[in-house]
Amino acid sequence: MATRTNYDDNIFYIQTIIKTLKSAVTLDVDGEYFRDKVVEDIFFVDGILLRILTSLRDNPHLIHRVDYLRSLLRAKTAFVEFLDDLIEAKTGLSTELTAYMAKLKNCRTSNRKDIAEIHTLLSNGDSVEPAEDLVSQEEFRFLLEDQEEADEEEP
């Protein structure tokens, strides 16, 4: 059974998590309580963003692919900005995350490459949504004629 991916909702939810992370690291919270959760959430977001990108990359004929790629681009950009602030010690929790800095830098680099790839996908003809109608004009006319005949037969 094929599953349906709800790209809009998935990307919206990830963007919400990114905003929550941004807020969390600006607070003056005790790192020993929240450090592990923040790190876990960062790598969770990274993994989900990659899975969404992979899915969109592998489905070039997806109807709203361009819109999803644009939304994903915004999410990845926000995530990279968050990582920039975290790595450059512009947040309260940054000092608690020094043990993870190498991984966070690799994560940022990877997401920057993904952003470049999304720009390429958006600029290529591969990501253009199908121009042809799903139902041709002739088929549409035929369907309407059948409906009109059915309406005329009803008393």
# chains A, B, ... in the order shown; residues from 1 in each chain; ligands from 1
>>> residues_around(residues="Arg57 (chain A)", least_positions_apart="4", cutoff="9 Å", atoms="only C-alpha atoms", output="NGL selection string")
:A and (52-53 or 118 or 121)
>>> write_last_selection(atoms="N, CA and C atoms", output="short mmCIF file (atom, residue, chain, number, x, y, z; two decimals), in the first residue's frame")
data_model
loop_
_atom_site.label_atom_id
_atom_site.label_comp_id
_atom_site.auth_asym_id
_atom_site.auth_seq_id
_atom_site.Cartn_x
_atom_site.Cartn_y
_atom_site.Cartn_z
N ILE A 52 13.29 14.49 3.86
CA ILE A 52 12.34 15.21 3.00
C ILE A 52 13.01 15.60 1.69
N LEU A 53 14.24 16.10 1.77
CA LEU A 53 14.97 16.45 0.55
C LEU A 53 15.16 15.23 -0.34
N ILE A 118 19.13 22.45 -3.53
CA ILE A 118 17.73 22.85 -3.72
C ILE A 118 17.65 24.00 -4.72
N LEU A 121 17.96 22.42 -8.05
CA LEU A 121 16.72 21.74 -8.43
C LEU A 121 15.65 22.73 -8.86
#
>>> residues_around(residues="His119 (chain A)", least_positions_apart="4", cutoff="10 Å", atoms="only C-alpha atoms", output="PyMOL selection string")
chain A and resi 69-70+73+113-115+123-124
>>> residues_around(residues="Phe44 (chain A)", least_positions_apart="6", cutoff="12 Å", atoms="only C-alpha atoms", output="list of chain:residue names")
A:Ile14, A:Ile17, A:Ile18, A:Leu21, A:Lys37, A:Val38, A:Leu50, A:Arg51, A:Phe79, A:Cys107
>>> write_last_selection(atoms="C-alpha atoms", output="mmCIF file, in the first residue's frame")
data_model
loop_
_atom_site.group_PDB
_atom_site.id
_atom_site.type_symbol
_atom_site.label_atom_id
_atom_site.label_comp_id
_atom_site.auth_asym_id
_atom_site.auth_seq_id
_atom_site.Cartn_x
_atom_site.Cartn_y
_atom_site.Cartn_z
ATOM 1 C CA ILE A 14 10.016 21.004 11.398
ATOM 2 C CA ILE A 17 10.748 22.771 16.036
ATOM 3 C CA ILE A 18 13.499 25.028 14.646
ATOM 4 C CA LEU A 21 15.109 25.444 19.394
ATOM 5 C CA LYS A 37 17.423 17.277 24.591
ATOM 6 C CA VAL A 38 18.591 20.222 22.497
ATOM 7 C CA LEU A 50 17.506 15.261 4.773
ATOM 8 C CA ARG A 51 14.762 12.628 4.422
ATOM 9 C CA PHE A 79 18.154 25.768 10.463
ATOM 10 C CA CYS A 107 25.751 19.438 10.137
#
>>> closest_residue(among="A:Ile48, A:Met101, A:Leu62, A:Val39", to="Arg4 (chain A)", atoms="only C-alpha atoms")
A:Leu62
>>> residues_around(residues="Ser23 (chain A)", least_positions_apart="3", cutoff="12 Å", atoms="only C-alpha atoms", output="list in words")
Thr16, Ile17, Ile18, Lys19, Thr20, Thr26, Leu27, Asp28, Val29, Val38, Phe82, Asp85, Leu86, Thr91, Gly92 and Leu93 of chain A
>>> residues_around(residues="Leu104 (chain A)", least_positions_apart="5", cutoff="12 Å", atoms="only C-alpha atoms", output="short mmCIF file (atom, residue, chain, number, x, y, z; two decimals) with N, CA and C atoms, in the first residue's frame")
data_model
loop_
_atom_site.label_atom_id
_atom_site.label_comp_id
_atom_site.auth_asym_id
_atom_site.auth_seq_id
_atom_site.Cartn_x
_atom_site.Cartn_y
_atom_site.Cartn_z
N VAL A 38 18.33 19.29 23.59
CA VAL A 38 18.59 20.22 22.50
C VAL A 38 19.43 19.54 21.42
N VAL A 39 20.46 18.83 21.83
CA VAL A 39 21.32 18.12 20.87
C VAL A 39 20.49 17.08 20.11
N GLU A 40 19.69 16.33 20.83
CA GLU A 40 18.83 15.32 20.21
C GLU A 40 17.90 15.96 19.19
N ILE A 42 18.31 18.82 17.59
CA ILE A 42 19.08 19.34 16.45
C ILE A 42 19.33 18.23 15.43
N PHE A 43 19.78 17.09 15.89
CA PHE A 43 20.08 16.01 14.95
C PHE A 43 18.82 15.33 14.42
N ASP A 46 17.85 17.70 11.61
CA ASP A 46 18.78 17.47 10.50
C ASP A 46 18.40 16.22 9.71
N PHE A 79 17.36 26.71 9.68
CA PHE A 79 18.15 25.77 10.46
C PHE A 79 19.63 26.14 10.42
N VAL A 80 20.14 26.51 9.25
CA VAL A 80 21.54 26.91 9.13
C VAL A 80 21.79 28.20 9.92
N PHE A 82 20.20 29.12 12.58
CA PHE A 82 20.22 28.68 13.98
C PHE A 82 21.57 28.06 14.33
N LEU A 83 22.07 27.19 13.46
CA LEU A 83 23.37 26.55 13.71
C LEU A 83 24.50 27.58 13.73
N ASP A 84 24.42 28.59 12.85
CA ASP A 84 25.43 29.66 12.84
C ASP A 84 25.48 30.34 14.21
N ASP A 85 24.31 30.70 14.72
CA ASP A 85 24.26 31.38 16.02
C ASP A 85 24.79 30.48 17.13
N LEU A 86 24.45 29.22 17.06
CA LEU A 86 24.88 28.28 18.08
C LEU A 86 26.41 28.09 18.05
N ILE A 87 26.95 27.92 16.86
CA ILE A 87 28.38 27.68 16.69
C ILE A 87 29.19 28.93 17.03
N GLU A 88 28.67 30.09 16.70
CA GLU A 88 29.38 31.35 16.96
C GLU A 88 29.15 31.84 18.38
N SER A 94 25.26 27.81 24.12
CA SER A 94 26.41 27.48 23.27
C SER A 94 27.57 26.90 24.05
N LEU A 97 27.51 23.23 24.72
CA LEU A 97 27.55 22.35 23.55
C LEU A 97 28.94 22.26 22.92
N THR A 98 29.97 22.68 23.62
CA THR A 98 31.31 22.66 23.05
C THR A 98 31.75 21.25 22.64
N ALA A 99 31.30 20.23 23.35
CA ALA A 99 31.68 18.85 23.01
C ALA A 99 31.08 18.42 21.67
N THR A 109 27.57 22.46 7.48
CA THR A 109 28.16 22.33 6.15
C THR A 109 27.28 21.49 5.23
N SER A 110 26.80 20.39 5.76
CA SER A 110 25.92 19.51 4.99
C SER A 110 24.63 20.23 4.57
N ASN A 111 24.05 20.98 5.47
CA ASN A 111 22.82 21.70 5.16
C ASN A 111 23.06 22.83 4.17
#
>>> atom_distance(atom1="CA of Ala24 (chain A)", atom2="CA of Asn6 (chain A)")
26.9 Å
>>> closest_residue(among="A:Tyr7, A:Leu72, A:Tyr33, A:Gln15", to="Glu96 (chain A)", atoms="only C-alpha atoms")
A:Tyr33
>>> atom_distance(atom1="CA of Asp9 (chain A)", atom2="CA of Ala78 (chain A)")
16.7 Å
>>> closest_residue(among="A:Leu49, A:Ala89, A:Leu144, A:Ala102", to="Ser71 (chain A)", atoms="only C-alpha atoms")
A:Leu49
>>> decode(residues="region 1-144 of chain A", atoms="C-alpha atoms", output="compact mmCIF listing (two decimals), in the first residue's frame")
# COMPACT_ATOMS: atom_id res chain seq x y z
CA MET A 1 0.00 0.00 0.00
CA ALA A 2 1.42 3.36 -1.03
CA THR A 3 1.69 6.00 1.65
CA ARG A 4 1.01 9.66 1.14
CA THR A 5 3.60 12.11 2.41
CA ASN A 6 2.18 15.35 3.77
CA TYR A 7 5.07 17.59 2.82
CA ASP A 8 3.35 20.84 3.84
CA ASP A 9 2.57 19.64 7.36
CA ASN A 10 5.90 17.88 7.79
CA ILE A 11 7.88 20.95 6.79
CA PHE A 12 5.67 23.22 8.90
CA TYR A 13 6.24 21.01 11.93
CA ILE A 14 10.02 21.00 11.40
CA GLN A 15 9.97 24.80 11.06
CA THR A 16 8.11 24.95 14.37
CA ILE A 17 10.75 22.77 16.04
CA ILE A 18 13.50 25.03 14.65
CA LYS A 19 11.76 28.10 16.08
CA THR A 20 11.41 26.34 19.42
CA LEU A 21 15.11 25.44 19.39
CA LYS A 22 16.01 29.06 18.61
CA SER A 23 13.96 30.20 21.58
CA ALA A 24 15.30 27.49 23.86
CA VAL A 25 18.95 28.29 23.33
CA THR A 26 18.46 32.00 23.96
CA LEU A 27 17.08 31.31 27.43
CA ASP A 28 19.33 31.14 30.44
CA VAL A 29 18.52 27.52 31.25
CA ASP A 30 20.70 25.01 33.03
CA GLY A 31 22.65 23.12 30.41
CA GLU A 32 22.86 19.97 32.48
CA TYR A 33 19.07 19.67 32.29
CA PHE A 34 18.47 20.57 28.66
CA ARG A 35 21.72 20.03 26.74
CA ASP A 36 20.96 16.43 25.72
CA LYS A 37 17.42 17.28 24.59
CA VAL A 38 18.59 20.22 22.50
CA VAL A 39 21.32 18.12 20.87
CA GLU A 40 18.83 15.32 20.21
CA ASP A 41 16.38 17.77 18.62
CA ILE A 42 19.08 19.34 16.45
CA PHE A 43 20.08 16.01 14.95
CA PHE A 44 16.46 14.93 14.67
CA VAL A 45 15.67 18.06 12.62
CA ASP A 46 18.78 17.47 10.50
CA GLY A 47 17.73 13.90 9.76
CA ILE A 48 14.14 14.78 8.87
CA LEU A 49 15.19 17.64 6.61
CA LEU A 50 17.51 15.26 4.77
CA ARG A 51 14.76 12.63 4.42
CA ILE A 52 12.34 15.21 3.00
CA LEU A 53 14.97 16.45 0.55
CA THR A 54 15.75 12.90 -0.54
CA SER A 55 12.07 12.17 -1.08
CA LEU A 56 11.60 15.33 -3.14
CA ARG A 57 14.77 14.65 -5.12
CA ASP A 58 13.57 11.12 -5.90
CA ASN A 59 10.08 12.25 -7.02
CA PRO A 60 10.62 14.69 -9.90
CA HIS A 61 7.01 14.32 -11.10
CA LEU A 62 5.40 15.26 -7.80
CA ILE A 63 2.64 17.77 -8.55
CA HIS A 64 3.56 20.49 -6.02
CA ARG A 65 7.26 19.69 -5.90
CA VAL A 66 8.41 23.25 -6.55
CA ASP A 67 6.32 24.57 -3.66
CA TYR A 68 7.64 21.87 -1.35
CA LEU A 69 11.23 22.57 -2.39
CA ARG A 70 10.73 26.27 -1.66
CA SER A 71 9.29 25.48 1.78
CA LEU A 72 12.14 23.09 2.46
CA LEU A 73 14.61 25.74 1.37
CA ARG A 74 13.15 28.18 3.93
CA ALA A 75 13.33 25.52 6.66
CA LYS A 76 16.93 24.60 5.85
CA THR A 77 17.93 28.26 5.72
CA ALA A 78 16.39 28.87 9.15
CA PHE A 79 18.15 25.77 10.46
CA VAL A 80 21.54 26.91 9.13
CA GLU A 81 21.01 30.36 10.66
CA PHE A 82 20.22 28.68 13.98
CA LEU A 83 23.37 26.55 13.71
CA ASP A 84 25.43 29.66 12.84
CA ASP A 85 24.26 31.38 16.02
CA LEU A 86 24.88 28.28 18.08
CA ILE A 87 28.38 27.68 16.69
CA GLU A 88 29.38 31.35 16.96
CA ALA A 89 28.38 31.29 20.66
CA LYS A 90 25.61 33.84 20.23
CA THR A 91 23.25 31.84 22.43
CA GLY A 92 23.11 31.07 26.11
CA LEU A 93 23.45 27.32 25.68
CA SER A 94 26.41 27.48 23.27
CA THR A 95 29.01 26.96 25.98
CA GLU A 96 27.25 23.76 27.07
CA LEU A 97 27.55 22.35 23.55
CA THR A 98 31.31 22.66 23.05
CA ALA A 99 31.68 18.85 23.01
CA TYR A 100 29.35 18.74 19.99
CA MET A 101 30.86 21.61 17.98
CA ALA A 102 32.56 19.41 15.38
CA LYS A 103 29.31 17.54 14.69
CA LEU A 104 27.35 20.79 14.60
CA LYS A 105 29.80 22.29 12.11
CA ASN A 106 29.53 19.19 9.89
CA CYS A 107 25.75 19.44 10.14
CA ARG A 108 25.86 23.10 9.08
CA THR A 109 28.16 22.33 6.15
CA SER A 110 25.92 19.51 4.99
CA ASN A 111 22.82 21.70 5.16
CA ARG A 112 24.55 24.47 3.24
CA LYS A 113 25.30 21.96 0.47
CA ASP A 114 21.66 20.87 0.55
CA ILE A 115 20.56 24.49 0.17
CA ALA A 116 22.77 24.81 -2.91
CA GLU A 117 21.27 21.58 -4.27
CA ILE A 118 17.73 22.85 -3.72
CA HIS A 119 18.61 26.05 -5.60
CA THR A 120 19.88 23.87 -8.45
CA LEU A 121 16.72 21.74 -8.43
CA LEU A 122 14.57 24.86 -8.51
CA SER A 123 16.52 26.37 -11.39
CA ASN A 124 16.55 23.16 -13.47
CA GLY A 125 13.75 22.20 -15.79
CA ASP A 126 13.44 18.95 -13.80
CA SER A 127 11.56 20.71 -11.04
CA VAL A 128 9.06 22.44 -13.31
CA GLU A 129 5.58 21.25 -12.62
CA PRO A 130 3.82 19.43 -15.46
CA ALA A 131 2.39 21.84 -17.99
CA GLU A 132 -0.06 19.45 -19.59
CA ASP A 133 -3.53 19.05 -18.17
CA LEU A 134 -4.23 15.91 -16.22
CA VAL A 135 -7.50 15.62 -18.12
CA SER A 136 -7.34 16.76 -21.73
CA GLN A 137 -9.90 19.19 -23.10
CA GLU A 138 -11.39 16.43 -25.23
CA GLU A 139 -11.75 14.08 -22.26
CA PHE A 140 -13.27 16.87 -20.20
CA ARG A 141 -15.82 17.60 -22.96
CA PHE A 142 -16.66 13.89 -23.16
CA LEU A 143 -17.19 13.70 -19.40
CA LEU A 144 -19.44 16.75 -19.46
